[in-house]
Amino acid sequence: MGNKRKKMYRLRYDLSMQSHGAFLDAKVKNDLPSFFGAIQPVLSDYIQLTRPSRLRVFASKIKQLIKKLTKR
């Protein structure tokens, strides 16, 4: 398993642990925005890690265009 995949799993686990605790705190305080503030740093890291690269997005668009043109 690659380093990126391991980091993804670790971030997913961290996000899970933080979100459960933060949600309970927010529920007790009746303050939902504090929940989102608490998980935002880990969530941002996870989103950034799982976002496809610009090259991958560009290649996907080209592939879609080629498929569309060849079906005509």
# chains A, B, ... in the order shown; residues from 1 in each chain; ligands from 1

$ residues_around --residues "A:Lys4" --least-positions-apart "3" --cutoff "12 Å" --atoms "only C-alpha atoms" --output "JSON, numbers by chain"
{"A": [1, 7, 8, 9, 10, 11, 46, 48, 49, 50, 51]}

$ closest_residue --among "A:Leu43, A:Leu32, A:Ala59, A:Ala38" --to "A:Leu15" --atoms "only C-alpha atoms"
A:Leu43

$ closest_residue --among "A:Ile39, A:Pro33, A:Thr70, A:Lys6" --to "A:His20" --atoms "only C-alpha atoms"
A:Ile39

$ atom_distance --atom1 "atom CA of A:Asp45" --atom2 "atom CA of A:Ala22"
17.2 Å

$ atom_distance --atom1 "atom CA of A:Ser19" --atom2 "atom CA of A:Phe35"
7.4 Å

$ atom_distance --atom1 "atom CA of A:Ser44" --atom2 "atom CA of A:Arg12"
11.4 Å
